[in-house]
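Enquirer: What follows is upload-v3.txt, made up of compact mmCIF, N, CA and C atoms:
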```txt
# COMPACT_ATOMS: atom_id res chain seq x y z
N MET V 7 31.41 -134.45 -145.66
CA MET V 7 30.15 -134.80 -146.26
C MET V 7 29.40 -133.56 -146.74
N ASP V 8 29.68 -132.41 -146.17
CA ASP V 8 28.99 -131.20 -146.59
C ASP V 8 29.19 -130.91 -148.07
N LEU V 9 30.40 -131.16 -148.58
CA LEU V 9 30.67 -130.95 -149.99
C LEU V 9 29.79 -131.84 -150.86
N ALA V 10 29.56 -133.05 -150.42
CA ALA V 10 28.71 -133.97 -151.20
C ALA V 10 27.30 -133.41 -151.35
N TRP V 11 26.78 -132.80 -150.30
CA TRP V 11 25.42 -132.24 -150.38
C TRP V 11 25.40 -131.02 -151.29
N VAL V 12 26.47 -130.22 -151.29
CA VAL V 12 26.56 -129.07 -152.20
C VAL V 12 26.63 -129.57 -153.64
N GLU V 13 27.42 -130.60 -153.87
CA GLU V 13 27.51 -131.18 -155.22
C GLU V 13 26.15 -131.71 -155.66
N GLN V 14 25.46 -132.42 -154.77
CA GLN V 14 24.14 -132.95 -155.10
C GLN V 14 23.18 -131.82 -155.45
N PHE V 15 23.17 -130.77 -154.64
CA PHE V 15 22.29 -129.63 -154.90
C PHE V 15 22.56 -129.02 -156.26
N ASN V 16 23.84 -128.81 -156.57
CA ASN V 16 24.20 -128.21 -157.86
C ASN V 16 23.83 -129.11 -159.03
N LEU V 17 24.07 -130.40 -158.89
CA LEU V 17 23.70 -131.33 -159.97
C LEU V 17 22.19 -131.35 -160.17
N GLN V 18 21.44 -131.40 -159.09
CA GLN V 18 19.98 -131.41 -159.20
C GLN V 18 19.46 -130.10 -159.77
N SER V 19 20.12 -129.00 -159.44
CA SER V 19 19.74 -127.70 -160.00
C SER V 19 19.91 -127.66 -161.51
N GLU V 20 20.83 -128.47 -162.02
CA GLU V 20 21.07 -128.55 -163.46
C GLU V 20 20.23 -129.64 -164.13
N GLY V 21 19.38 -130.31 -163.34
CA GLY V 21 18.48 -131.30 -163.90
C GLY V 21 18.95 -132.74 -163.81
N TYR V 22 20.09 -132.97 -163.17
CA TYR V 22 20.59 -134.33 -162.99
C TYR V 22 19.93 -134.98 -161.78
N HIS V 23 19.75 -136.29 -161.84
CA HIS V 23 19.30 -137.05 -160.67
C HIS V 23 20.56 -137.47 -159.93
N ALA V 24 20.68 -137.08 -158.67
CA ALA V 24 21.90 -137.35 -157.91
C ALA V 24 21.58 -137.93 -156.55
N ARG V 25 22.43 -138.84 -156.11
CA ARG V 25 22.34 -139.44 -154.78
C ARG V 25 23.67 -139.24 -154.07
N VAL V 26 23.61 -139.20 -152.75
CA VAL V 26 24.82 -139.12 -151.94
C VAL V 26 24.93 -140.39 -151.12
N ALA V 27 26.11 -140.97 -151.13
CA ALA V 27 26.40 -142.13 -150.28
C ALA V 27 27.41 -141.66 -149.23
N PRO V 28 27.12 -141.86 -147.95
CA PRO V 28 27.98 -141.32 -146.90
C PRO V 28 29.30 -142.07 -146.69
N GLU V 29 29.40 -143.27 -147.26
CA GLU V 29 30.63 -144.05 -147.11
C GLU V 29 30.73 -145.05 -148.25
N GLY V 30 31.88 -145.70 -148.36
CA GLY V 30 32.18 -146.55 -149.51
C GLY V 30 31.24 -147.72 -149.72
N ARG V 31 30.88 -148.41 -148.66
CA ARG V 31 29.96 -149.55 -148.81
C ARG V 31 28.60 -149.10 -149.33
N ALA V 32 28.13 -147.97 -148.82
CA ALA V 32 26.85 -147.42 -149.29
C ALA V 32 26.95 -147.00 -150.75
N ALA V 33 28.11 -146.53 -151.17
CA ALA V 33 28.31 -146.15 -152.57
C ALA V 33 28.17 -147.37 -153.47
N LEU V 34 28.78 -148.49 -153.08
CA LEU V 34 28.67 -149.71 -153.88
C LEU V 34 27.23 -150.23 -153.89
N GLN V 35 26.54 -150.11 -152.77
CA GLN V 35 25.15 -150.53 -152.71
C GLN V 35 24.29 -149.66 -153.63
N ALA V 36 24.56 -148.36 -153.64
CA ALA V 36 23.81 -147.45 -154.52
C ALA V 36 24.04 -147.80 -155.98
N VAL V 37 25.27 -148.15 -156.34
CA VAL V 37 25.56 -148.54 -157.72
C VAL V 37 24.76 -149.79 -158.09
N ALA V 38 24.65 -150.72 -157.16
CA ALA V 38 23.91 -151.95 -157.42
C ALA V 38 22.41 -151.68 -157.59
N GLU V 39 21.88 -150.73 -156.84
CA GLU V 39 20.45 -150.43 -156.88
C GLU V 39 20.07 -149.42 -157.95
N PHE V 40 20.92 -148.45 -158.15
CA PHE V 40 20.60 -147.27 -158.95
C PHE V 40 21.21 -147.32 -160.35
N THR V 41 22.31 -148.01 -160.53
CA THR V 41 23.06 -148.09 -161.77
C THR V 41 23.27 -146.70 -162.39
N PRO V 42 24.05 -145.86 -161.71
CA PRO V 42 24.28 -144.50 -162.22
C PRO V 42 25.14 -144.50 -163.48
N ASP V 43 24.98 -143.47 -164.28
CA ASP V 43 25.82 -143.28 -165.45
C ASP V 43 27.19 -142.74 -165.05
N LEU V 44 27.22 -141.99 -163.94
CA LEU V 44 28.43 -141.31 -163.50
C LEU V 44 28.50 -141.31 -161.99
N MET V 45 29.71 -141.48 -161.47
CA MET V 45 29.93 -141.42 -160.03
C MET V 45 31.02 -140.41 -159.73
N LEU V 46 30.74 -139.50 -158.80
CA LEU V 46 31.76 -138.62 -158.24
C LEU V 46 32.27 -139.34 -157.01
N LEU V 47 33.52 -139.73 -157.02
CA LEU V 47 34.05 -140.62 -155.99
C LEU V 47 35.20 -139.96 -155.24
N ASP V 48 34.95 -139.60 -153.99
CA ASP V 48 35.98 -139.05 -153.13
C ASP V 48 36.83 -140.21 -152.62
N VAL V 49 38.14 -140.05 -152.62
CA VAL V 49 38.99 -141.15 -152.15
C VAL V 49 38.98 -141.27 -150.63
N MET V 50 38.62 -140.22 -149.93
CA MET V 50 38.62 -140.25 -148.46
C MET V 50 37.21 -140.53 -147.93
N LEU V 51 36.78 -141.78 -148.06
CA LEU V 51 35.48 -142.20 -147.55
C LEU V 51 35.69 -143.09 -146.33
N PRO V 52 34.78 -143.01 -145.36
CA PRO V 52 34.88 -143.93 -144.22
C PRO V 52 34.46 -145.36 -144.61
N CYS V 53 34.84 -146.29 -143.81
CA CYS V 53 34.50 -147.72 -143.92
C CYS V 53 35.19 -148.40 -145.10
N LEU V 54 35.04 -147.87 -146.28
CA LEU V 54 35.67 -148.43 -147.47
C LEU V 54 36.11 -147.22 -148.30
N ASP V 55 37.41 -147.02 -148.45
CA ASP V 55 37.87 -145.80 -149.13
C ASP V 55 37.57 -145.81 -150.63
N GLY V 56 37.72 -144.64 -151.23
CA GLY V 56 37.40 -144.50 -152.65
C GLY V 56 38.24 -145.37 -153.56
N TRP V 57 39.51 -145.60 -153.20
CA TRP V 57 40.34 -146.47 -154.03
C TRP V 57 39.78 -147.89 -154.04
N SER V 58 39.31 -148.35 -152.89
CA SER V 58 38.72 -149.69 -152.80
C SER V 58 37.41 -149.76 -153.56
N VAL V 59 36.62 -148.70 -153.48
CA VAL V 59 35.36 -148.64 -154.24
C VAL V 59 35.68 -148.70 -155.73
N LEU V 60 36.66 -147.93 -156.17
CA LEU V 60 37.03 -147.91 -157.58
C LEU V 60 37.49 -149.30 -158.04
N ALA V 61 38.26 -149.98 -157.22
CA ALA V 61 38.71 -151.33 -157.57
C ALA V 61 37.52 -152.28 -157.71
N ARG V 62 36.56 -152.18 -156.83
CA ARG V 62 35.38 -153.05 -156.90
C ARG V 62 34.49 -152.72 -158.10
N LEU V 63 34.45 -151.45 -158.46
CA LEU V 63 33.67 -151.07 -159.65
C LEU V 63 34.22 -151.75 -160.90
N GLN V 64 35.53 -151.93 -160.95
CA GLN V 64 36.14 -152.55 -162.13
C GLN V 64 35.78 -154.02 -162.26
N GLU V 65 35.28 -154.62 -161.19
CA GLU V 65 34.84 -156.02 -161.23
C GLU V 65 33.46 -156.17 -161.85
N LEU V 66 32.73 -155.07 -161.96
CA LEU V 66 31.38 -155.11 -162.54
C LEU V 66 31.44 -155.29 -164.05
N PRO V 67 30.41 -155.89 -164.63
CA PRO V 67 30.34 -155.93 -166.11
C PRO V 67 30.38 -154.50 -166.66
N HIS V 68 30.99 -154.35 -167.79
CA HIS V 68 31.20 -153.01 -168.35
C HIS V 68 29.91 -152.20 -168.46
N ASP V 69 28.80 -152.84 -168.82
CA ASP V 69 27.54 -152.10 -168.99
C ASP V 69 26.89 -151.73 -167.66
N ARG V 70 27.41 -152.20 -166.53
CA ARG V 70 26.88 -151.85 -165.21
C ARG V 70 27.84 -150.94 -164.44
N ARG V 71 28.94 -150.59 -165.07
CA ARG V 71 29.98 -149.81 -164.43
C ARG V 71 29.80 -148.32 -164.77
N PRO V 72 29.65 -147.47 -163.75
CA PRO V 72 29.51 -146.05 -164.05
C PRO V 72 30.85 -145.43 -164.47
N LYS V 73 30.77 -144.36 -165.23
CA LYS V 73 31.95 -143.54 -165.46
C LYS V 73 32.29 -142.93 -164.11
N VAL V 74 33.58 -142.62 -163.90
CA VAL V 74 34.00 -142.14 -162.58
C VAL V 74 34.83 -140.88 -162.69
N ILE V 75 34.46 -139.90 -161.87
CA ILE V 75 35.29 -138.72 -161.62
C ILE V 75 35.82 -138.88 -160.20
N VAL V 76 37.11 -139.10 -160.06
CA VAL V 76 37.72 -139.21 -158.73
C VAL V 76 37.97 -137.80 -158.22
N VAL V 77 37.56 -137.57 -156.97
CA VAL V 77 37.76 -136.29 -156.31
C VAL V 77 38.70 -136.53 -155.14
N SER V 78 39.78 -135.75 -155.07
CA SER V 78 40.77 -135.99 -154.02
C SER V 78 41.49 -134.72 -153.62
N ALA V 79 41.81 -134.63 -152.34
CA ALA V 79 42.64 -133.54 -151.85
C ALA V 79 44.11 -133.81 -152.19
N ALA V 80 44.42 -135.04 -152.54
CA ALA V 80 45.79 -135.41 -152.92
C ALA V 80 46.02 -135.00 -154.37
N ALA V 81 46.45 -133.78 -154.53
CA ALA V 81 46.72 -133.29 -155.89
C ALA V 81 48.03 -133.89 -156.38
N GLY V 82 48.23 -133.83 -157.66
CA GLY V 82 49.49 -134.30 -158.21
C GLY V 82 49.31 -135.44 -159.18
N GLU V 83 50.36 -135.66 -159.93
CA GLU V 83 50.31 -136.67 -160.98
C GLU V 83 50.22 -138.10 -160.46
N ALA V 84 50.76 -138.37 -159.28
CA ALA V 84 50.70 -139.73 -158.75
C ALA V 84 49.25 -140.15 -158.48
N ALA V 85 48.48 -139.29 -157.83
CA ALA V 85 47.07 -139.61 -157.55
C ALA V 85 46.27 -139.67 -158.84
N ARG V 86 46.53 -138.74 -159.73
CA ARG V 86 45.82 -138.73 -161.03
C ARG V 86 46.13 -140.00 -161.83
N ALA V 87 47.40 -140.39 -161.85
CA ALA V 87 47.80 -141.60 -162.59
C ALA V 87 47.18 -142.85 -161.95
N ARG V 88 47.15 -142.89 -160.63
CA ARG V 88 46.54 -144.04 -159.95
C ARG V 88 45.07 -144.15 -160.30
N ALA V 89 44.37 -143.01 -160.28
CA ALA V 89 42.94 -143.00 -160.61
C ALA V 89 42.71 -143.50 -162.04
N GLN V 90 43.50 -143.02 -162.97
CA GLN V 90 43.34 -143.44 -164.36
C GLN V 90 43.68 -144.92 -164.53
N LYS V 91 44.74 -145.37 -163.87
CA LYS V 91 45.14 -146.77 -163.96
C LYS V 91 44.05 -147.69 -163.42
N MET V 92 43.31 -147.18 -162.43
CA MET V 92 42.25 -147.98 -161.81
C MET V 92 40.91 -147.84 -162.52
N GLY V 93 40.88 -147.09 -163.63
CA GLY V 93 39.67 -147.03 -164.43
C GLY V 93 38.87 -145.75 -164.37
N ALA V 94 39.31 -144.77 -163.60
CA ALA V 94 38.59 -143.49 -163.57
C ALA V 94 38.89 -142.71 -164.83
N GLU V 95 37.87 -142.11 -165.38
CA GLU V 95 38.05 -141.33 -166.61
C GLU V 95 38.55 -139.92 -166.33
N TRP V 96 38.21 -139.37 -165.14
CA TRP V 96 38.56 -138.00 -164.80
C TRP V 96 39.04 -137.94 -163.37
N PHE V 97 39.81 -136.89 -163.08
CA PHE V 97 40.35 -136.65 -161.74
C PHE V 97 40.19 -135.17 -161.44
N LEU V 98 39.67 -134.86 -160.27
CA LEU V 98 39.45 -133.47 -159.88
C LEU V 98 40.07 -133.26 -158.50
N SER V 99 41.01 -132.31 -158.42
CA SER V 99 41.69 -132.02 -157.15
C SER V 99 40.87 -131.04 -156.33
N LYS V 100 40.81 -131.31 -155.02
CA LYS V 100 40.18 -130.37 -154.09
C LYS V 100 41.20 -129.33 -153.70
N PRO V 101 40.81 -128.14 -153.43
CA PRO V 101 39.46 -127.61 -153.64
C PRO V 101 39.25 -127.33 -155.12
N PHE V 102 38.01 -127.41 -155.53
CA PHE V 102 37.69 -127.15 -156.93
C PHE V 102 36.50 -126.20 -157.01
N ASP V 103 36.37 -125.62 -158.15
CA ASP V 103 35.28 -124.70 -158.43
C ASP V 103 34.08 -125.52 -158.92
N MET V 104 32.89 -125.20 -158.47
CA MET V 104 31.71 -125.96 -158.87
C MET V 104 31.50 -125.90 -160.38
N ASP V 105 31.85 -124.80 -161.01
CA ASP V 105 31.75 -124.72 -162.48
C ASP V 105 32.66 -125.74 -163.15
N GLU V 106 33.84 -125.95 -162.57
CA GLU V 106 34.78 -126.95 -163.10
C GLU V 106 34.17 -128.35 -163.00
N LEU V 107 33.53 -128.63 -161.86
CA LEU V 107 32.87 -129.93 -161.70
C LEU V 107 31.75 -130.09 -162.72
N MET V 108 30.94 -129.08 -162.89
CA MET V 108 29.82 -129.18 -163.83
C MET V 108 30.32 -129.37 -165.26
N GLN V 109 31.45 -128.76 -165.61
CA GLN V 109 32.03 -128.96 -166.95
C GLN V 109 32.44 -130.42 -167.14
N LEU V 110 33.04 -131.01 -166.11
CA LEU V 110 33.43 -132.42 -166.21
C LEU V 110 32.21 -133.34 -166.31
N VAL V 111 31.18 -133.03 -165.55
CA VAL V 111 29.94 -133.83 -165.62
C VAL V 111 29.35 -133.73 -167.02
N ASP V 112 29.28 -132.52 -167.55
CA ASP V 112 28.76 -132.34 -168.91
C ASP V 112 29.61 -133.10 -169.93
N GLU V 113 30.93 -133.06 -169.75
CA GLU V 113 31.83 -133.79 -170.65
C GLU V 113 31.59 -135.30 -170.55
N ALA V 114 31.41 -135.77 -169.32
CA ALA V 114 31.22 -137.20 -169.08
C ALA V 114 29.89 -137.71 -169.62
N LEU V 115 28.85 -136.92 -169.45
CA LEU V 115 27.50 -137.37 -169.79
C LEU V 115 26.96 -136.77 -171.08
N GLY V 116 27.66 -135.76 -171.58
CA GLY V 116 27.15 -135.06 -172.76
C GLY V 116 26.32 -133.87 -172.31
N PRO V 117 26.34 -132.80 -173.06
CA PRO V 117 25.67 -131.57 -172.63
C PRO V 117 24.14 -131.67 -172.56
N ASN V 118 23.54 -132.66 -173.18
CA ASN V 118 22.08 -132.78 -173.15
C ASN V 118 21.61 -133.90 -172.23
N ALA V 119 22.49 -134.36 -171.32
CA ALA V 119 22.15 -135.52 -170.49
C ALA V 119 21.20 -135.17 -169.35
N ALA V 120 21.19 -133.95 -168.90
CA ALA V 120 20.34 -133.58 -167.76
C ALA V 120 18.89 -133.63 -168.11
```
Output the file's structure as structure tokens, nothing else.
Expert:
Amino acid sequence: MDLAWVEQFNLQSEGYHARVAPEGRAALQAVAEFTPDLMLLDVMLPCLDGWSVLARLQELPHDRRPKVIVVSAAAGEAARARAQKMGAEWFLSKPFDMDELMQLVDEALGPNAA
């Protein structure tokens, strides 16, 4: 969870509004309440894993579904392909550089989104 707080701090420092959900069910609840434009989704979440969250996001109407960057320690083409097949637009392997994350966020939301 410490990484999530670092990501939140960095995103907020760049002017983005960011929330942290400590587990998968809370992430889905946040999407229902907050309707984010983008979700950074770790696959290793307690209670409901990131793959399950991603599957449930695909059930939402397209205009209520956030873009997704899947974050995973499982590097490799199999995890990346699974994420894309399940609707994630981007995949980021851990460990990653915060600049790399910010570049993906800018790409996902556009450079003037903050």
Enquirer: Do you know which residues are at most 6.5 Å from range 94-107 of chain V counting all atoms listed in the file, after dropping those on the same chain fewer than 2 positions away, and could you put them as a PyMOL selection string?
Expert: chain V and resi 73-81+86+89-92+109-112
Enquirer: Near range 7-22 of chain V, counting only C-alpha atoms, which residues have an atom at most 9 Å away, once you skip same-chain residues fewer than 3 positions from it, shown as a list in words?
Expert: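 That gives Arg25, Val26, Ala27, Pro28, Leu46, Met104, Leu107, Met108, Val111, Ala119 and Ala120 of chain V.
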Enquirer: List every residue of range 31-68 of chain V that DSSP, applied to the backbone, labels as helix (DSSP H, G or I), and write the result as a PyMOL selection string.
Expert: chain V and resi 31-40+56-63+68
Enquirer: Could the centre and edge lengths of an axis-aligned box, enclosing all atoms of range 58-74 of chain V in the file with 3 Å extra on each side, be given in Å to one decimal as AutoDock Vina command-line options?
Expert:
```
--center_x 33.1 --center_y -148.5 --center_z -160.9 --size_x 18.4 --size_y 21.3 --size_z 22.2
```
Enquirer: Identify the residues around (33.3, -151.1, -149.3) within a radius of 7 Å, measuring from all atoms listed in the file in the coordinates stated by the file, and give them as a PyMOL selection string.
Expert: chain V and resi 29-32+34+53-55+58-59
Enquirer: What would the file look like if the residues just selected were written as a compact mmCIF listing (two decimals), keeping the file's coordinate frame with N, CA and C atoms?
Expert:
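So again07.txt came out as:
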```txt
# COMPACT_ATOMS: atom_id res chain seq x y z
N GLU V 29 29.40 -143.27 -147.26
CA GLU V 29 30.63 -144.05 -147.11
C GLU V 29 30.73 -145.05 -148.25
N GLY V 30 31.88 -145.70 -148.36
CA GLY V 30 32.18 -146.55 -149.51
C GLY V 30 31.24 -147.72 -149.72
N ARG V 31 30.88 -148.41 -148.66
CA ARG V 31 29.96 -149.55 -148.81
C ARG V 31 28.60 -149.10 -149.33
N ALA V 32 28.13 -147.97 -148.82
CA ALA V 32 26.85 -147.42 -149.29
C ALA V 32 26.95 -147.00 -150.75
N LEU V 34 28.78 -148.49 -153.08
CA LEU V 34 28.67 -149.71 -153.88
C LEU V 34 27.23 -150.23 -153.89
N CYS V 53 34.84 -146.29 -143.81
CA CYS V 53 34.50 -147.72 -143.92
C CYS V 53 35.19 -148.40 -145.10
N LEU V 54 35.04 -147.87 -146.28
CA LEU V 54 35.67 -148.43 -147.47
C LEU V 54 36.11 -147.22 -148.30
N ASP V 55 37.41 -147.02 -148.45
CA ASP V 55 37.87 -145.80 -149.13
C ASP V 55 37.57 -145.81 -150.63
N SER V 58 39.31 -148.35 -152.89
CA SER V 58 38.72 -149.69 -152.80
C SER V 58 37.41 -149.76 -153.56
N VAL V 59 36.62 -148.70 -153.48
CA VAL V 59 35.36 -148.64 -154.24
C VAL V 59 35.68 -148.70 -155.73
```
Enquirer: Select, from V:Gly93, V:Arg62, V:Gly82, V:His68, the residue with the minimum atom-to-atom distance to Gln35 in chain V, counting only C-alpha atoms.
Expert: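 Of the candidates, the smallest distance to Gln35 in chain V is held by V:Arg62.
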Enquirer: From the set V:Arg71, V:Ala38, V:Ala85, V:Ala114, which residue has the shortest atom-to-atom contact distance to Trp57 in chain V, counting only C-alpha atoms?
Expert: V:Ala85
Enquirer: Write out as a list of chain:residue names the set of residues from range 34-66 of chain V that DSSP, computed on the backbone, places in strand (DSSP E or B).
Expert: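 Assigned to strand (DSSP E or B), within range 34-66 of chain V: V:Leu44, V:Met45, V:Leu46, V:Leu47, V:Asp48.
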Enquirer: What is the CA of Gln64 in chain V-CA of Leu51 in chain V distance in Å, reported with one decimal?
Expert: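 So the two atoms, CA of Gln64 in chain V and CA of Leu51 in chain V, lie 17.9 Å apart.
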Enquirer: Between CA of Leu44 in chain V and atom N of Pro72 in chain V, what is the distance, to one decimal in Å?
Expert: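 Value for the CA of Leu44 in chain V-atom N of Pro72 in chain V distance: 6.3 Å.
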Enquirer: One decimal, Å: what's the distance from atom N of Gly116 in chain V over to atom C of Gly56 in chain V, could you say?
Expert: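 Going from atom N of Gly116 in chain V over to atom C of Gly56 in chain V covers 23.0 Å.
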Enquirer: Considering only C-alpha atoms, can you say which of V:Arg70, V:Ala24, V:Leu60, V:Glu65 comes closest to Thr41 in chain V?
Expert: V:Arg70
Enquirer: Would you save range 51-84 of chain V to a file, keeping N, CA and C atoms, as a PDB file, in the first residue's frame?
Expert:
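Heads up, here's the output in selection-v9.pdb:
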```pdb
ATOM      1  N   LEU V  51      -4.408  -7.089  -5.119  1.00  0.00           N
ATOM      2  CA  LEU V  51      -5.207  -6.388  -4.118  1.00  0.00           C
ATOM      3  C   LEU V  51      -5.853  -7.412  -3.194  1.00  0.00           C
ATOM      4  N   PRO V  52      -6.011  -7.064  -1.911  1.00  0.00           N
ATOM      5  CA  PRO V  52      -6.736  -7.970  -1.019  1.00  0.00           C
ATOM      6  C   PRO V  52      -8.244  -7.942  -1.287  1.00  0.00           C
ATOM      7  N   CYS V  53      -8.917  -8.934  -0.814  1.00  0.00           N
ATOM      8  CA  CYS V  53     -10.378  -9.096  -0.873  1.00  0.00           C
ATOM      9  C   CYS V  53     -10.890  -9.378  -2.284  1.00  0.00           C
ATOM     10  N   LEU V  54     -10.551  -8.546  -3.229  1.00  0.00           N
ATOM     11  CA  LEU V  54     -10.954  -8.734  -4.620  1.00  0.00           C
ATOM     12  C   LEU V  54      -9.758  -8.305  -5.460  1.00  0.00           C
ATOM     13  N   ASP V  55      -9.131  -9.246  -6.162  1.00  0.00           N
ATOM     14  CA  ASP V  55      -7.892  -8.909  -6.871  1.00  0.00           C
ATOM     15  C   ASP V  55      -8.140  -7.997  -8.074  1.00  0.00           C
ATOM     16  N   GLY V  56      -7.053  -7.445  -8.584  1.00  0.00           N
ATOM     17  CA  GLY V  56      -7.149  -6.502  -9.694  1.00  0.00           C
ATOM     18  C   GLY V  56      -7.763  -7.090 -10.951  1.00  0.00           C
ATOM     19  N   TRP V  57      -7.509  -8.376 -11.218  1.00  0.00           N
ATOM     20  CA  TRP V  57      -8.114  -9.007 -12.394  1.00  0.00           C
ATOM     21  C   TRP V  57      -9.635  -9.023 -12.262  1.00  0.00           C
ATOM     22  N   SER V  58     -10.125  -9.307 -11.067  1.00  0.00           N
ATOM     23  CA  SER V  58     -11.572  -9.319 -10.828  1.00  0.00           C
ATOM     24  C   SER V  58     -12.155  -7.918 -10.929  1.00  0.00           C
ATOM     25  N   VAL V  59     -11.423  -6.939 -10.415  1.00  0.00           N
ATOM     26  CA  VAL V  59     -11.867  -5.540 -10.535  1.00  0.00           C
ATOM     27  C   VAL V  59     -11.951  -5.160 -12.005  1.00  0.00           C
ATOM     28  N   LEU V  60     -10.928  -5.511 -12.773  1.00  0.00           N
ATOM     29  CA  LEU V  60     -10.909  -5.186 -14.197  1.00  0.00           C
ATOM     30  C   LEU V  60     -12.091  -5.839 -14.926  1.00  0.00           C
ATOM     31  N   ALA V  61     -12.395  -7.075 -14.590  1.00  0.00           N
ATOM     32  CA  ALA V  61     -13.533  -7.755 -15.210  1.00  0.00           C
ATOM     33  C   ALA V  61     -14.842  -7.035 -14.876  1.00  0.00           C
ATOM     34  N   ARG V  62     -14.995  -6.601 -13.648  1.00  0.00           N
ATOM     35  CA  ARG V  62     -16.225  -5.896 -13.258  1.00  0.00           C
ATOM     36  C   ARG V  62     -16.318  -4.515 -13.903  1.00  0.00           C
ATOM     37  N   LEU V  63     -15.185  -3.879 -14.110  1.00  0.00           N
ATOM     38  CA  LEU V  63     -15.205  -2.576 -14.787  1.00  0.00           C
ATOM     39  C   LEU V  63     -15.763  -2.711 -16.197  1.00  0.00           C
ATOM     40  N   GLN V  64     -15.482  -3.830 -16.843  1.00  0.00           N
ATOM     41  CA  GLN V  64     -15.953  -4.029 -18.216  1.00  0.00           C
ATOM     42  C   GLN V  64     -17.473  -4.176 -18.289  1.00  0.00           C
ATOM     43  N   GLU V  65     -18.110  -4.447 -17.157  1.00  0.00           N
ATOM     44  CA  GLU V  65     -19.564  -4.552 -17.106  1.00  0.00           C
ATOM     45  C   GLU V  65     -20.240  -3.184 -17.054  1.00  0.00           C
ATOM     46  N   LEU V  66     -19.468  -2.147 -16.743  1.00  0.00           N
ATOM     47  CA  LEU V  66     -20.020  -0.796 -16.657  1.00  0.00           C
ATOM     48  C   LEU V  66     -20.303  -0.236 -18.046  1.00  0.00           C
ATOM     49  N   PRO V  67     -21.274   0.673 -18.153  1.00  0.00           N
ATOM     50  CA  PRO V  67     -21.460   1.367 -19.440  1.00  0.00           C
ATOM     51  C   PRO V  67     -20.162   2.078 -19.837  1.00  0.00           C
ATOM     52  N   HIS V  68     -19.910   2.123 -21.106  1.00  0.00           N
ATOM     53  CA  HIS V  68     -18.637   2.660 -21.597  1.00  0.00           C
ATOM     54  C   HIS V  68     -18.331   4.055 -21.050  1.00  0.00           C
ATOM     55  N   ASP V  69     -19.340   4.912 -20.928  1.00  0.00           N
ATOM     56  CA  ASP V  69     -19.098   6.282 -20.458  1.00  0.00           C
ATOM     57  C   ASP V  69     -18.851   6.359 -18.951  1.00  0.00           C
ATOM     58  N   ARG V  70     -19.020   5.268 -18.215  1.00  0.00           N
ATOM     59  CA  ARG V  70     -18.753   5.242 -16.769  1.00  0.00           C
ATOM     60  C   ARG V  70     -17.502   4.419 -16.442  1.00  0.00           C
ATOM     61  N   ARG V  71     -16.854   3.908 -17.473  1.00  0.00           N
ATOM     62  CA  ARG V  71     -15.708   3.035 -17.303  1.00  0.00           C
ATOM     63  C   ARG V  71     -14.411   3.841 -17.407  1.00  0.00           C
ATOM     64  N   PRO V  72     -13.576   3.815 -16.363  1.00  0.00           N
ATOM     65  CA  PRO V  72     -12.318   4.551 -16.460  1.00  0.00           C
ATOM     66  C   PRO V  72     -11.323   3.849 -17.382  1.00  0.00           C
ATOM     67  N   LYS V  73     -10.422   4.620 -17.941  1.00  0.00           N
ATOM     68  CA  LYS V  73      -9.269   4.024 -18.607  1.00  0.00           C
ATOM     69  C   LYS V  73      -8.453   3.357 -17.511  1.00  0.00           C
ATOM     70  N   VAL V  74      -7.707   2.309 -17.871  1.00  0.00           N
ATOM     71  CA  VAL V  74      -6.999   1.536 -16.845  1.00  0.00           C
ATOM     72  C   VAL V  74      -5.543   1.331 -17.220  1.00  0.00           C
ATOM     73  N   ILE V  75      -4.680   1.616 -16.240  1.00  0.00           N
ATOM     74  CA  ILE V  75      -3.273   1.226 -16.294  1.00  0.00           C
ATOM     75  C   ILE V  75      -3.117   0.099 -15.279  1.00  0.00           C
ATOM     76  N   VAL V  76      -2.867  -1.105 -15.746  1.00  0.00           N
ATOM     77  CA  VAL V  76      -2.643  -2.240 -14.845  1.00  0.00           C
ATOM     78  C   VAL V  76      -1.189  -2.190 -14.390  1.00  0.00           C
ATOM     79  N   VAL V  77      -1.006  -2.327 -13.080  1.00  0.00           N
ATOM     80  CA  VAL V  77       0.319  -2.338 -12.472  1.00  0.00           C
ATOM     81  C   VAL V  77       0.520  -3.720 -11.867  1.00  0.00           C
ATOM     82  N   SER V  78       1.632  -4.373 -12.229  1.00  0.00           N
ATOM     83  CA  SER V  78       1.836  -5.738 -11.754  1.00  0.00           C
ATOM     84  C   SER V  78       3.308  -6.071 -11.618  1.00  0.00           C
ATOM     85  N   ALA V  79       3.610  -6.878 -10.609  1.00  0.00           N
ATOM     86  CA  ALA V  79       4.963  -7.410 -10.461  1.00  0.00           C
ATOM     87  C   ALA V  79       5.188  -8.562 -11.441  1.00  0.00           C
ATOM     88  N   ALA V  80       4.114  -9.091 -11.993  1.00  0.00           N
ATOM     89  CA  ALA V  80       4.196 -10.175 -12.971  1.00  0.00           C
ATOM     90  C   ALA V  80       4.528  -9.584 -14.334  1.00  0.00           C
ATOM     91  N   ALA V  81       5.803  -9.449 -14.577  1.00  0.00           N
ATOM     92  CA  ALA V  81       6.234  -8.901 -15.864  1.00  0.00           C
ATOM     93  C   ALA V  81       6.079  -9.966 -16.935  1.00  0.00           C
ATOM     94  N   GLY V  82       6.089  -9.546 -18.162  1.00  0.00           N
ATOM     95  CA  GLY V  82       6.037 -10.502 -19.251  1.00  0.00           C
ATOM     96  C   GLY V  82       4.822 -10.315 -20.122  1.00  0.00           C
ATOM     97  N   GLU V  83       4.902 -10.926 -21.275  1.00  0.00           N
ATOM     98  CA  GLU V  83       3.854 -10.767 -22.274  1.00  0.00           C
ATOM     99  C   GLU V  83       2.532 -11.415 -21.881  1.00  0.00           C
ATOM    100  N   ALA V  84       2.570 -12.481 -21.090  1.00  0.00           N
ATOM    101  CA  ALA V  84       1.321 -13.140 -20.704  1.00  0.00           C
ATOM    102  C   ALA V  84       0.455 -12.207 -19.849  1.00  0.00           C
TER     103      ALA V  84
END
```
